[in-house]
Every structure is written in structure tokens, then in C-alpha cells.
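Structure record follows, encoded as C-alpha cells.
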Amino acid sequence: MSEKTKAAIFSLLIIVVIGAVAWAVAFKFFDIEPTEPIAREPTPVVSTEPRPSLVGSNSSIATTSTETRRTYKVKGEDGRVIAVRDFTESALQDKNNKEVKYLAGEDENGFIEDALYVISFFSEDDSFTISLFAQPIGATRKRAESELLSKLGIEQADACLLRYVVLVPFDVDKNYSGRNLGFSFCPGAVQLP
């Protein structure tokens, strides 16, 4: 593993630890009572959407097709439950921490050396961490956002409700490291070039 990769991972771990401590302090300071746990079992959802009857047909009548997709419920930043596409079976389980799953940037051997970003899910608090590892970070953030939206099957407005951080290590961009950059389309996001 290269020194750059080690430094990036170390920076990311420090940021995650600081974030975890901040969460713990916030919960203790504001005396927030945890609500009842959210069911972790995927829930089948039936979606009915009109589909065109035949390609090239002159008929404007649509047929109704029923398709089933499995959802996973995550608790949002404000406590609201958000139903997302069940990503848990396709995500890669962390070898050392069963509470962490990787949606992008990791494979069976660990960190992918040329990964532009890593998307992690922490089931303990239903949060996502998006770590950016390539310049320009504005373009990298947009690619990571797009992949996350696709994997979760949600719109931008729903993504803004998630518990998440978008981070960049110091060795990738010293000007933006140590800050939650946010999703580019959410209120309060850091504007990147």
C-alpha cells in the first residue's frame, strides 16, 4: 500500500472518529432519547407504473405492469424514515467491522488503489460517508453523488435528508479537508470549482 493511500486512510479514520465523538457529544449534550429501532428487514414494495403498451403502436393506451423491489429503511438526519432501494446484499461487508458496508471504492481485497471515491454505510447510525480521493473534487463529488442516488434509487431531495458526510483527505485537498462538503445539490453545501 502506497504512502499516499496510507495517509488518505489515516486522514479518513481521524475524520470519522472526530465525527463519531461529535455525534456522541451532541446526543449527550442535547439529551436526545433514541426512538424505537428501525426494522432492518427489507420490505417488499409493490410499484405500479404505467408502461407503454407496444413500441411503435399508434395506441396511446398504457398497460399497468407490477414490479416488486425490495427496500431498506434508513433513519434520516431529522429522524424521518427514508425508504431506499435495498443495497445491503450488493454492498461489500467490511472484514473488520460488521456495521460497515461499502457501496463503492472497495473490493474483496480492500481499498481499490485507483478509486476516485469510497461510499460507506454505517448501520449503527444509518449514516453514509462519501470520501473523495481525486481532483477535481467538484467533479468527483458529482460522480459519487450520482452513483449513490442510483444505488439507493432516490431523488436529490431525499438524499439531502440522509445522515451523511462528504469528506476529502488533507493530502488530496488541504483547502477542503476536515469539512463536510455536503451534496452539491443540498442547502448549505460547500461550493466547489
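Each chain in the C-alpha cells gets a letter, A, B, ..., in the order shown, and its residues are numbered from 1; ligands are numbered from 1 in order too.
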Within 9 Å of Ser184 (chain A), counting only C-alpha atoms, which residues qualify if same-chain residues fewer than 4 places away don't, as a ChimeraX atom specification?
/A:138,141-142,145,188-192
Can you tell me, as a VMD selection string, what residues are no more than 12 Å from region 174-183 of chain A when counting only C-alpha atoms, ignoring any on the same chain fewer than 4 positions away?
chain A and resid 8 11 to 19 128 to 133 135 to 146 148 to 149 156 to 170 187 to 193
For C-alpha atoms, I'd like the residues from the last selection saved as a compact mmCIF listing (two decimals), in the first residue's frame.
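File written: part.txt
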```txt
# COMPACT_ATOMS: atom_id res chain seq x y z
CA ALA A 8 -5.55 9.11 2.98
CA SER A 11 -6.93 11.07 7.49
CA LEU A 12 -10.30 9.49 6.81
CA LEU A 13 -10.18 7.46 10.03
CA ILE A 14 -9.36 10.57 12.06
CA ILE A 15 -12.28 12.44 10.49
CA VAL A 16 -14.65 9.51 11.14
CA VAL A 17 -13.52 9.28 14.78
CA ILE A 18 -13.97 13.04 15.26
CA GLY A 19 -17.43 12.77 13.67
CA PHE A 128 -23.27 7.38 4.78
CA THR A 129 -19.71 8.62 4.35
CA ILE A 130 -18.50 9.65 0.93
CA SER A 131 -14.72 10.07 0.79
CA LEU A 132 -13.28 11.85 -2.24
CA PHE A 133 -9.80 10.84 -3.43
CA GLN A 135 -9.07 16.06 -8.23
CA PRO A 136 -11.01 17.98 -9.30
CA ILE A 137 -13.03 17.24 -6.18
CA GLY A 138 -16.12 19.03 -7.52
CA ALA A 139 -16.38 16.59 -10.44
CA THR A 140 -15.51 13.64 -8.20
CA ARG A 141 -18.25 14.64 -5.74
CA LYS A 142 -20.80 14.78 -8.58
CA ARG A 143 -19.82 11.28 -9.76
CA ALA A 144 -20.09 9.89 -6.21
CA GLU A 145 -23.48 11.60 -5.72
CA SER A 146 -24.76 10.14 -8.96
CA LEU A 148 -25.21 6.91 -4.54
CA LEU A 149 -28.54 8.17 -5.91
CA GLN A 156 -31.81 14.52 -4.75
CA ALA A 157 -34.37 15.90 -2.27
CA ASP A 158 -34.42 12.57 -0.40
CA ALA A 159 -30.62 12.40 -0.41
CA CYS A 160 -30.50 15.75 1.42
CA LEU A 161 -32.48 14.14 4.26
CA LEU A 162 -29.93 11.33 4.80
CA ARG A 163 -27.37 11.28 7.59
CA TYR A 164 -24.17 11.75 5.62
CA VAL A 165 -20.82 13.45 5.28
CA VAL A 166 -18.78 14.17 2.17
CA LEU A 167 -15.09 14.36 3.06
CA VAL A 168 -11.74 14.84 1.37
CA PRO A 169 -8.40 13.89 2.96
CA PHE A 170 -5.75 16.56 3.56
CA PRO A 187 -28.73 23.54 1.04
CA GLY A 188 -25.54 24.54 2.84
CA ALA A 189 -23.22 22.51 0.58
CA VAL A 190 -19.72 23.84 0.05
CA GLN A 191 -19.48 25.19 -3.50
CA LEU A 192 -16.57 23.59 -5.31
CA PRO A 193 -14.86 24.67 -8.53
```
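Among A:Phe185, A:Phe87, A:Tyr117, A:Tyr102, the residue with the shortest atom-to-atom distance to Ala134 (chain A), counting only C-alpha atoms, is A:Tyr117.
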How many Å separate CA of Lys95 (chain A) from CA of Gly79 (chain A)?
29.0 Å
Between CA of Val81 (chain A) and CA of Asp94 (chain A), what distance in Å does the model show, to one decimal?
24.5 Å
Out of A:Asp126, A:Leu152, A:Thr71, A:Phe121, which residue has the shortest atom-to-atom distance to Asn97 (chain A) when counting only C-alpha atoms?
A:Phe121
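Across the structure, CA of Glu113 (chain A) and CA of Ser150 (chain A) are spaced 23.1 Å apart.
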